[in-house]
Structure formats: C-alpha cells, structure tokens
2 protein chains.
Amino acid sequence: MGAETTRDHIVEAADRLFYHQGYEHTSFAAIAEAVRISRGNFYYHFKSKDDILRAVIAARLESRRRMLREWEAEEADPAGRIRRFVEIVVTNRADIQDYGCPVGTLTTELAKLGHPALGEAGEVFTLFRTWLREQFTRLGHRERADELAMHVLAFSQGVATLAHAFREEDFIRREVRRMHDWLGAYSAGTGAVAAAAHEDGGRADA
Amino acid sequence: MGAETTRDHIVEAADRLFYHQGYEHTSFAAIAEAVRISRGNFYYHFKSKDDILRAVIAARLESRRRMLREWEAEEADPAGRIRRFVEIVVTNRADIQDYGCPVGTLTTELAKLGHPALGEAGEVFTLFRTWLREQFTRLGHRERADELAMHVLAFSQGVATLAHAFREEDFIRREVRRMHDWLGAYSAGTGAVAAAAHEDGGRADA
DNA sequence: GAGATATTAGGACAGGCGTCCTATGCGGTG
DNA sequence: CACCGCATAGGACGCCTGTCCTAATATCTC
C-alpha cells in the first residue's frame, strides 16, 4: 500500500471508476479527487486520458494473466481449471450485479466510442479464449477446443449481462450449475468424452 | 416516409445513433445533423435529452411488442416461437457484430451513467423474459418456465457480446445450432418433455 | 387575404471537459 | 548551504455540451 507509486494509485482509481461509471463518463476531475492529487499533475504521469486507459487495460491484462497462472499452479486438471473460470461469475457476483463484466462492458463502450484502444481491450477476451482453448485441448477435444472455449465465454458474458440487468443471484447460481452439468460431458474420462462427442458431434461441425 | 412527423424522424435518428455510438456519446448536434433540423428546434418537440431517450425506449418497446405479436400470429407452436427468438442473433448478425445488442448495450450504459431511465430500458428485457416464459409454460414446463426463459435470454446476450467483440459469424451460427439442439429436449411431444425433465431436473431445482 | 397557431432557425448562455503552462515545494547530492 | 531534478499544485485556454430565448417562417382557419 504505502510502497505504491502515485502512478499506481492513479491506475487503480481509474480502473475502478472506469468499471463503475464507464470510461467516457469518468472525468479527470473524478480520478483526481479519488487519488487526491491535482488535475494538472496528471500530465506528469500520463500524457492523455487515452494513456491512462491503456495503462488500465494493461494492468487488467496482467492481473488476469496472473490469475490464470495461479489456477494452473493450484489445479492440475484442465476440467477443474475451466470450472474455476465458470465460478468467476459466482465469486464476483456482487460486482457483476452492480456493474456487469469489466471486460465486456469496457469493450462494448470503446467500440461505441470508436476508441483506438478497443483492440487492446479485446485482448483480455483473447487471453481467456486462448487459455480455455488450451484446457479443452488437454481434455482431448483438440478439434473443437476453440468452439467450446467460446461457448464458455459466451456463458459468462450472458450471465453477467443479465445478472446486471435483473440483479438476481439465484439466476447466476442456476446458470453456473447448468454449465457445470454441461462441462461434465467434456471433463470426465474417455467414456464421457465419447458420449459428449456423440451427443452433438454430428451437427456442430457440419 | 413522407407521412412521418418531425418528432418521429428525431426518434428514429436518435434510436440509430444511440445504438451505434451510445447515448452519452451522441450529442444533440449529431442528432440535429442527421435529421437536418436546427439544434434549438429540438426543444419544441422534447424538453430534454432524457426526454428523447425515453421516447426512443418507448419506441423500441413498442416495436418489440409488435414483433412478438406478429410471431404469435404467424406461429402457433410455442417451440417455433422460441426458435424465432433464438434466430434473432442470426437475422441481425450484421448489426450485432458491428454494435452489439441494442437492449443489452443500452441497459449497461444507462446503469453506468446512473441514468433514471434505466428502469424503462430494462423493461425490454422483462418483455422478452415474460414472453419466453409464457411460451415455455405452454410447452408444459410451468415450474421451470422462468428459468428456461432466462437461459434463452442469457444465450442471446452472451452470443451478442462475443459476436461484437470477435466479429465471427461462424461463432453465432454454431451457438444458435447448439441452442436449437438444447431446445429440442423441451419442445417436442410429451416423451421428449419427460426426457428433458429427467435429464437435469434432479439438480436444477435442488 | 388576414390573423392565429404551429413549427423552425440560430444565436446566447453557463458549465464541464481534456489539455497545457508555469510556479512552487520536496529530497537527496556535491 | 547550494543545487538540481523529481513531483505537485492550480489556474488559463479553447472547445463542446445541453439548455434556453427570441425572432422569423410555415400552415391552417375563417
């Protein structure tokens, strides 16, 4: 805490405010007030608002990378790792109900603004997609790994958006349970793998 | 076209611009330019920007109601109606890839802005939820109708968000196919209904 | 055609924004 | 103690925003 630099404080406050209020709606004055520094002093650490945004995105990317790395260290089973990802919406349910998914909402906003940093924001999605794909590949679903990864991602975005709109915690838990059930067909031994492949394999890649 | 009032033109242009650029990012000047009227003239038809937003939301609500009514007239089978809803993401794939879901993105933005019209925007979600619930009820799933309705809604939001982020049409089609497969267990005759109830009934409502 | 009403145009206003500039304070080094 | 570079403060700037006001123009009624 005390060891953190002013720049870090700015990035942290901006991260939180961008998440809670949106990027465009968050003014320099608001960040300055949160960090308790003067407006003018911003431009010593960052050269523009875009610059702060990029720093925030980079910080988020790094934090997600770190999270995934920890999961990999703690959980050897790829299926267990995927389940951890699915559990995010439960773990962060309070924030999600209040503000939605940080990644999804920022990406959507930057797209509407035509902001040049949209691509960087999208990299967080790509990070998750690649990581999930890797886990499915290790489970023996190499051909369909990307499709399955995207399905899990779509789940989390759908749940986040509706949990935000309706604020219903039970809905989150039901959808997570449903997703765990679905994952069961892909995560167990060869028998279950074969069953899952049979279940919808014929149509999915027509 | 020619029969439309100026007010209608304003609402149409604002609707499109709010969808493409976001509510906050769309200025009065931008709407005025699109409608080809002067800025000042706005306040003859609307008393504030909020007022235009409310008119846009009301128009969207009405258009969705009309759409659902048409589906009900054309399609007697509740399962077919639900399938029509699922197909929205395919039908509107171009817009969705460019701008996301109009309902989801607006709701999310208004929530971040703390805008008083958030509740009205959310009514579109409620409209869909209630309608889907009604269709599932008619299919004989009264107890789980709301849960199933929410699942379909979550599907559409998840697909829309990711299709927007990644711009991949194949992804949309794969997810829609998956959803149709899932619906198959709930839409056929009593035999299939019983099978679906057995499939995950034991855990879903523990 | 005259008058009343409905509609439009365009500028003025105050406030907030991101940005920039300059002066001031702080902390370690010779 | 003098110095120098890092860090900060706070105000000035030009721009754009939503809003409001007033004058001009269409449109309709008798």
# chains A, B, ... in the order shown; residues from 1 in each chain; ligands from 1

$ closest_atom_pairs --of "chain B" --to "chain A" --cutoff "9 Å" --atoms "only C-alpha atoms" --output "Markdown table"
| residue | atom | partner | partner_atom | distance |
| --- | --- | --- | --- | --- |
| B:Tyr19 | CA | A:Lys112 | CA | 8.2 |
| B:His20 | CA | A:Lys112 | CA | 6.1 |
| B:Gln21 | CA | A:Lys112 | CA | 4.4 |
| B:Gly22 | CA | A:Lys112 | CA | 5.8 |
| B:Glu24 | CA | A:His25 | CA | 7.9 |
| B:His25 | CA | A:Leu113 | CA | 6.9 |
| B:Asp98 | CA | A:Ala111 | CA | 8.4 |
| B:Tyr99 | CA | A:Lys112 | CA | 7.0 |
| B:Gly100 | CA | A:Thr108 | CA | 7.4 |
| B:Gly104 | CA | A:Thr161 | CA | 7.0 |
| B:Thr105 | CA | A:Thr108 | CA | 7.1 |
| B:Thr107 | CA | A:Ala165 | CA | 7.0 |
| B:Thr108 | CA | A:Thr105 | CA | 7.2 |
| B:Glu109 | CA | A:Gly22 | CA | 7.6 |
| B:Ala111 | CA | A:Tyr99 | CA | 7.5 |
| B:Lys112 | CA | A:Gln21 | CA | 4.4 |
| B:Leu113 | CA | A:Gln21 | CA | 5.9 |
| B:Gly114 | CA | A:Gln21 | CA | 7.9 |
| B:Gly122 | CA | A:Ala165 | CA | 6.7 |
| B:Phe125 | CA | A:Ala165 | CA | 8.1 |
| B:Thr126 | CA | A:Phe166 | CA | 8.8 |
| B:Glu147 | CA | A:Phe171 | CA | 7.5 |
| B:Met150 | CA | A:Phe171 | CA | 7.7 |
| B:His151 | CA | A:Glu175 | CA | 7.2 |
| B:Leu153 | CA | A:Gly158 | CA | 7.7 |
| B:Ala154 | CA | A:Gly158 | CA | 4.2 |
| B:Phe155 | CA | A:Gly158 | CA | 5.8 |
| B:Ser156 | CA | A:Gly158 | CA | 7.1 |
| B:Gln157 | CA | A:Gly158 | CA | 4.7 |
| B:Gly158 | CA | A:Gly158 | CA | 3.7 |
| B:Val159 | CA | A:Ala154 | CA | 5.6 |
| B:Ala160 | CA | A:Ala154 | CA | 8.5 |
| B:Thr161 | CA | A:Gln157 | CA | 6.8 |
| B:Leu162 | CA | A:Ala154 | CA | 6.4 |
| B:His164 | CA | A:Thr108 | CA | 7.8 |
| B:Ala165 | CA | A:Gly122 | CA | 6.7 |
| B:Phe166 | CA | A:Gly122 | CA | 8.1 |
| B:Phe171 | CA | A:Glu147 | CA | 7.4 |
| B:Arg174 | CA | A:Ala204 | CA | 6.5 |
| B:Glu175 | CA | A:His151 | CA | 7.2 |
| B:Arg177 | CA | A:Ala204 | CA | 7.1 |
| B:Arg178 | CA | A:Ala204 | CA | 7.3 |
| B:Asp181 | CA | A:Asp200 | CA | 7.9 |
| B:Asp200 | CA | A:Asp181 | CA | 8.1 |
| B:Arg203 | CA | A:Arg177 | CA | 8.1 |
| B:Ala204 | CA | A:Arg174 | CA | 6.6 |
| B:Asp205 | CA | A:Arg174 | CA | 8.1 |

$ residues_around --residues "Arg60 of chain A" --least-positions-apart "5" --cutoff "10 Å" --atoms "only C-alpha atoms (C1' of nucleotides)" --output "JSON, numbers by chain"
{"A": [12, 15, 54, 55, 65, 66, 102, 103, 121, 124]}

$ write_last_selection --atoms "all heavy atoms" --output "PDB file, in the first residue's frame"
ATOM      1  N   GLU A  12      -5.135   2.451 -10.394  1.00  0.00           N
ATOM      2  CA  GLU A  12      -6.130   1.733  -9.590  1.00  0.00           C
ATOM      3  C   GLU A  12      -7.462   2.480  -9.530  1.00  0.00           C
ATOM      4  O   GLU A  12      -8.532   1.898  -9.745  1.00  0.00           O
ATOM      5  CB  GLU A  12      -5.610   1.536  -8.165  1.00  0.00           C
ATOM      6  CG  GLU A  12      -4.707   0.330  -7.994  1.00  0.00           C
ATOM      7  CD  GLU A  12      -4.064   0.299  -6.609  1.00  0.00           C
ATOM      8  OE1 GLU A  12      -4.663   0.872  -5.672  1.00  0.00           O
ATOM      9  OE2 GLU A  12      -2.971  -0.266  -6.469  1.00  0.00           O
ATOM     10  N   ASP A  15      -9.108   2.487 -12.901  1.00  0.00           N
ATOM     11  CA  ASP A  15      -9.653   1.156 -13.172  1.00  0.00           C
ATOM     12  C   ASP A  15     -11.026   1.023 -12.526  1.00  0.00           C
ATOM     13  O   ASP A  15     -12.021   0.664 -13.175  1.00  0.00           O
ATOM     14  CB  ASP A  15      -8.692   0.097 -12.621  1.00  0.00           C
ATOM     15  CG  ASP A  15      -9.049  -1.302 -13.097  1.00  0.00           C
ATOM     16  OD1 ASP A  15     -10.200  -1.530 -13.467  1.00  0.00           O
ATOM     17  OD2 ASP A  15      -8.173  -2.181 -13.097  1.00  0.00           O
ATOM     18  N   ARG A  54      -5.043   3.038 -21.486  1.00  0.00           N
ATOM     19  CA  ARG A  54      -4.144   1.966 -21.916  1.00  0.00           C
ATOM     20  C   ARG A  54      -3.424   1.340 -20.719  1.00  0.00           C
ATOM     21  O   ARG A  54      -3.215   0.125 -20.666  1.00  0.00           O
ATOM     22  CB  ARG A  54      -3.135   2.505 -22.933  1.00  0.00           C
ATOM     23  CG  ARG A  54      -3.742   2.701 -24.307  1.00  0.00           C
ATOM     24  CD  ARG A  54      -2.744   3.307 -25.290  1.00  0.00           C
ATOM     25  NE  ARG A  54      -3.409   4.157 -26.262  1.00  0.00           N
ATOM     26  CZ  ARG A  54      -3.956   3.726 -27.387  1.00  0.00           C
ATOM     27  NH1 ARG A  54      -3.928   2.448 -27.675  1.00  0.00           N
ATOM     28  NH2 ARG A  54      -4.544   4.567 -28.225  1.00  0.00           N
ATOM     29  N   ALA A  55      -3.058   2.186 -19.777  1.00  0.00           N
ATOM     30  CA  ALA A  55      -2.412   1.655 -18.569  1.00  0.00           C
ATOM     31  C   ALA A  55      -3.376   0.779 -17.784  1.00  0.00           C
ATOM     32  O   ALA A  55      -2.993  -0.268 -17.255  1.00  0.00           O
ATOM     33  CB  ALA A  55      -1.911   2.810 -17.701  1.00  0.00           C
ATOM     34  N   ARG A  65      -3.781 -12.453 -16.335  1.00  0.00           N
ATOM     35  CA  ARG A  65      -2.719 -13.417 -16.621  1.00  0.00           C
ATOM     36  C   ARG A  65      -2.228 -14.065 -15.341  1.00  0.00           C
ATOM     37  O   ARG A  65      -2.042 -15.278 -15.257  1.00  0.00           O
ATOM     38  CB  ARG A  65      -1.544 -12.699 -17.309  1.00  0.00           C
ATOM     39  CG  ARG A  65      -1.600 -12.736 -18.813  1.00  0.00           C
ATOM     40  CD  ARG A  65      -0.241 -12.375 -19.386  1.00  0.00           C
ATOM     41  NE  ARG A  65      -0.276 -11.111 -20.107  1.00  0.00           N
ATOM     42  CZ  ARG A  65      -0.615 -10.994 -21.384  1.00  0.00           C
ATOM     43  NH1 ARG A  65      -0.975 -12.053 -22.067  1.00  0.00           N
ATOM     44  NH2 ARG A  65      -0.597  -9.828 -21.981  1.00  0.00           N
ATOM     45  N   ARG A  66      -2.045 -13.242 -14.333  1.00  0.00           N
ATOM     46  CA  ARG A  66      -1.585 -13.732 -13.045  1.00  0.00           C
ATOM     47  C   ARG A  66      -2.594 -14.715 -12.457  1.00  0.00           C
ATOM     48  O   ARG A  66      -2.244 -15.780 -11.961  1.00  0.00           O
ATOM     49  CB  ARG A  66      -1.369 -12.545 -12.098  1.00  0.00           C
ATOM     50  CG  ARG A  66      -0.576 -12.885 -10.855  1.00  0.00           C
ATOM     51  CD  ARG A  66      -0.075 -11.617 -10.160  1.00  0.00           C
ATOM     52  NE  ARG A  66      -1.077 -10.560 -10.139  1.00  0.00           N
ATOM     53  CZ  ARG A  66      -0.907  -9.340 -10.640  1.00  0.00           C
ATOM     54  NH1 ARG A  66       0.242  -9.020 -11.212  1.00  0.00           N
ATOM     55  NH2 ARG A  66      -1.863  -8.432 -10.570  1.00  0.00           N
ATOM     56  N   PRO A 102     -16.398  -6.462 -16.229  1.00  0.00           N
ATOM     57  CA  PRO A 102     -15.462  -5.382 -16.563  1.00  0.00           C
ATOM     58  C   PRO A 102     -14.971  -5.462 -18.009  1.00  0.00           C
ATOM     59  O   PRO A 102     -14.836  -4.433 -18.677  1.00  0.00           O
ATOM     60  CB  PRO A 102     -14.296  -5.615 -15.599  1.00  0.00           C
ATOM     61  CG  PRO A 102     -14.784  -6.543 -14.558  1.00  0.00           C
ATOM     62  CD  PRO A 102     -15.895  -7.337 -15.153  1.00  0.00           C
ATOM     63  N   VAL A 103     -14.705  -6.672 -18.463  1.00  0.00           N
ATOM     64  CA  VAL A 103     -14.167  -6.842 -19.814  1.00  0.00           C
ATOM     65  C   VAL A 103     -15.237  -6.538 -20.866  1.00  0.00           C
ATOM     66  O   VAL A 103     -15.022  -5.749 -21.786  1.00  0.00           O
ATOM     67  CB  VAL A 103     -13.630  -8.271 -20.005  1.00  0.00           C
ATOM     68  CG1 VAL A 103     -12.954  -8.396 -21.356  1.00  0.00           C
ATOM     69  CG2 VAL A 103     -12.677  -8.642 -18.883  1.00  0.00           C
ATOM     70  N   ALA A 121      -8.259  -3.641 -25.460  1.00  0.00           N
ATOM     71  CA  ALA A 121      -9.265  -4.123 -24.514  1.00  0.00           C
ATOM     72  C   ALA A 121      -9.722  -5.531 -24.894  1.00  0.00           C
ATOM     73  O   ALA A 121      -9.956  -6.376 -24.026  1.00  0.00           O
ATOM     74  CB  ALA A 121     -10.458  -3.163 -24.476  1.00  0.00           C
ATOM     75  N   VAL A 124      -8.053  -8.993 -23.655  1.00  0.00           N
ATOM     76  CA  VAL A 124      -8.409  -9.736 -22.447  1.00  0.00           C
ATOM     77  C   VAL A 124      -9.329 -10.898 -22.825  1.00  0.00           C
ATOM     78  O   VAL A 124      -9.168 -12.019 -22.327  1.00  0.00           O
ATOM     79  CB  VAL A 124      -9.087  -8.825 -21.410  1.00  0.00           C
ATOM     80  CG1 VAL A 124      -9.258  -9.565 -20.097  1.00  0.00           C
ATOM     81  CG2 VAL A 124      -8.284  -7.564 -21.194  1.00  0.00           C
TER      82      VAL A 124
END

$ atom_distance --atom1 "atom CA of Gln97 of chain A" --atom2 "atom CA of Arg167 of chain A"
5.2 Å

$ interface_residues --of "chain C" --to "chain A" --cutoff "9 Å" --atoms "only C-alpha atoms (C1' of nucleotides)" --output "ChimeraX atom specification"
/C:17-20

$ atom_distance --atom1 "atom CA of Met179 of chain B" --atom2 "atom CA of Arg81 of chain A"
24.6 Å

$ interface_residues --of "chain D" --to "chain B" --cutoff "9 Å" --atoms "only C-alpha atoms (C1' of nucleotides)" --output "JSON, numbers by chain"
{"D": [17, 18, 19, 20]}

$ select_by_dssp --residues "chain A" --states "helix (DSSP H, G or I)" --output "VMD selection string"
chain A and resid 6 to 21 28 to 35 39 to 45 49 to 74 78 to 91 93 to 99 102 to 113 118 to 138 145 to 166 169 to 187 190 to 204

$ atom_distance --atom1 "atom CA of His45 of chain A" --atom2 "atom CA of Arg7 of chain A"
6.3 Å

$ residues_around --residues "DC3 of chain D" --least-positions-apart "6" --cutoff "12 Å" --atoms "only C-alpha atoms (C1' of nucleotides)" --output "list of chain:residue names"
C:DG27, C:DG28, C:DT29, C:DG30

$ residues_around --residues "DG11 of chain C" --least-positions-apart "6" --cutoff "12 Å" --atoms "only C-alpha atoms (C1' of nucleotides)" --output "number ranges by chain"
B: 38-40; D: 20-23

$ write_last_selection --atoms "N, CA, C and O atoms (P, O5', C5', C4', C3', O3' and C1' of nucleotides)" --output "PDB file, in the first residue's frame"
ATOM      1  N   SER B  38     -32.474  22.344 -36.905  1.00  0.00           N
ATOM      2  CA  SER B  38     -31.552  23.129 -36.081  1.00  0.00           C
ATOM      3  C   SER B  38     -31.584  22.626 -34.641  1.00  0.00           C
ATOM      4  O   SER B  38     -32.565  22.034 -34.194  1.00  0.00           O
ATOM      5  N   ARG B  39     -30.504  22.860 -33.958  1.00  0.00           N
ATOM      6  CA  ARG B  39     -30.388  22.391 -32.579  1.00  0.00           C
ATOM      7  C   ARG B  39     -31.512  22.918 -31.695  1.00  0.00           C
ATOM      8  O   ARG B  39     -32.119  22.197 -30.920  1.00  0.00           O
ATOM      9  N   GLY B  40     -31.755  24.212 -31.833  1.00  0.00           N
ATOM     10  CA  GLY B  40     -32.731  24.849 -30.960  1.00  0.00           C
ATOM     11  C   GLY B  40     -34.126  24.289 -31.112  1.00  0.00           C
ATOM     12  O   GLY B  40     -34.914  24.267 -30.166  1.00  0.00           O
TER      13      GLY B  40
ATOM     14  P    DC D  20     -34.017  24.325 -19.943  1.00  0.00           P
ATOM     15  O5'  DC D  20     -34.047  25.805 -20.563  1.00  0.00           O
ATOM     16  C5'  DC D  20     -33.147  26.784 -20.047  1.00  0.00           C
ATOM     17  C4'  DC D  20     -33.074  27.959 -21.007  1.00  0.00           C
ATOM     18  C3'  DC D  20     -34.433  28.522 -21.429  1.00  0.00           C
ATOM     19  O3'  DC D  20     -34.570  29.829 -20.871  1.00  0.00           O
ATOM     20  C1'  DC D  20     -32.899  28.379 -23.259  1.00  0.00           C
ATOM     21  P    DC D  21     -36.005  30.553 -20.921  1.00  0.00           P
ATOM     22  O5'  DC D  21     -35.752  31.657 -22.039  1.00  0.00           O
ATOM     23  C5'  DC D  21     -34.460  32.247 -22.145  1.00  0.00           C
ATOM     24  C4'  DC D  21     -34.389  33.125 -23.385  1.00  0.00           C
ATOM     25  C3'  DC D  21     -35.737  33.691 -23.830  1.00  0.00           C
ATOM     26  O3'  DC D  21     -35.635  35.100 -23.958  1.00  0.00           O
ATOM     27  C1'  DC D  21     -34.671  32.570 -25.642  1.00  0.00           C
ATOM     28  P    DT D  22     -37.001  35.960 -24.213  1.00  0.00           P
ATOM     29  O5'  DT D  22     -36.849  36.378 -25.748  1.00  0.00           O
ATOM     30  C5'  DT D  22     -35.567  36.738 -26.235  1.00  0.00           C
ATOM     31  C4'  DT D  22     -35.584  36.781 -27.755  1.00  0.00           C
ATOM     32  C3'  DT D  22     -36.875  37.325 -28.359  1.00  0.00           C
ATOM     33  O3'  DT D  22     -36.562  38.217 -29.415  1.00  0.00           O
ATOM     34  C1'  DT D  22     -36.403  35.236 -29.288  1.00  0.00           C
ATOM     35  P    DA D  23     -37.702  39.152 -30.050  1.00  0.00           P
ATOM     36  O5'  DA D  23     -37.463  38.942 -31.608  1.00  0.00           O
ATOM     37  C5'  DA D  23     -36.121  38.908 -32.100  1.00  0.00           C
ATOM     38  C4'  DA D  23     -36.068  38.121 -33.397  1.00  0.00           C
ATOM     39  C3'  DA D  23     -37.125  38.554 -34.420  1.00  0.00           C
ATOM     40  O3'  DA D  23     -36.537  38.620 -35.704  1.00  0.00           O
ATOM     41  C1'  DA D  23     -37.335  36.245 -33.973  1.00  0.00           C
TER      42       DA D  23
END

$ closest_residue --among "B:Ile96, B:Leu127, B:Val176, B:Ala30" --to "Arg64 of chain B" --atoms "only C-alpha atoms"
B:Leu127

$ residues_around --residues "Ile52 of chain A" --least-positions-apart "6" --cutoff "9 Å" --atoms "only C-alpha atoms (C1' of nucleotides)" --output "list of chain:residue names"
A:Ile10, A:Val11, A:Ala14, A:His45, A:Phe46

$ residues_around --residues "Ser187 of chain A" --least-positions-apart "3" --cutoff "10 Å" --atoms "only C-alpha atoms (C1' of nucleotides)" --output "list in words"
Asp77, Pro78, Ala79, Gly80, Ile82, Arg83, Gln135, Phe136, Arg138, Leu139, Gly140, His141, His180, Trp182, Leu183, Gly184, Thr190, Ala192, Val193 and Ala196 of chain A

$ residues_around --residues "DG25 of chain C" --least-positions-apart "5" --cutoff "12 Å" --atoms "only C-alpha atoms (C1' of nucleotides)" --output "list in words"
DC6, DA7, DT8 and DA9 of chain D

$ write_last_selection --atoms "C-alpha atoms (C1' of nucleotides)" --output "mmCIF file, in the first residue's frame"
data_model
loop_
_atom_site.group_PDB
_atom_site.id
_atom_site.type_symbol
_atom_site.label_atom_id
_atom_site.label_comp_id
_atom_site.auth_asym_id
_atom_site.auth_seq_id
_atom_site.Cartn_x
_atom_site.Cartn_y
_atom_site.Cartn_z
ATOM 1 C "C1'" DC D 6 11.559 14.880 -9.394
ATOM 2 C "C1'" DA D 7 6.901 15.718 -8.110
ATOM 3 C "C1'" DT D 8 2.992 18.567 -7.381
ATOM 4 C "C1'" DA D 9 -0.440 22.449 -7.463
#
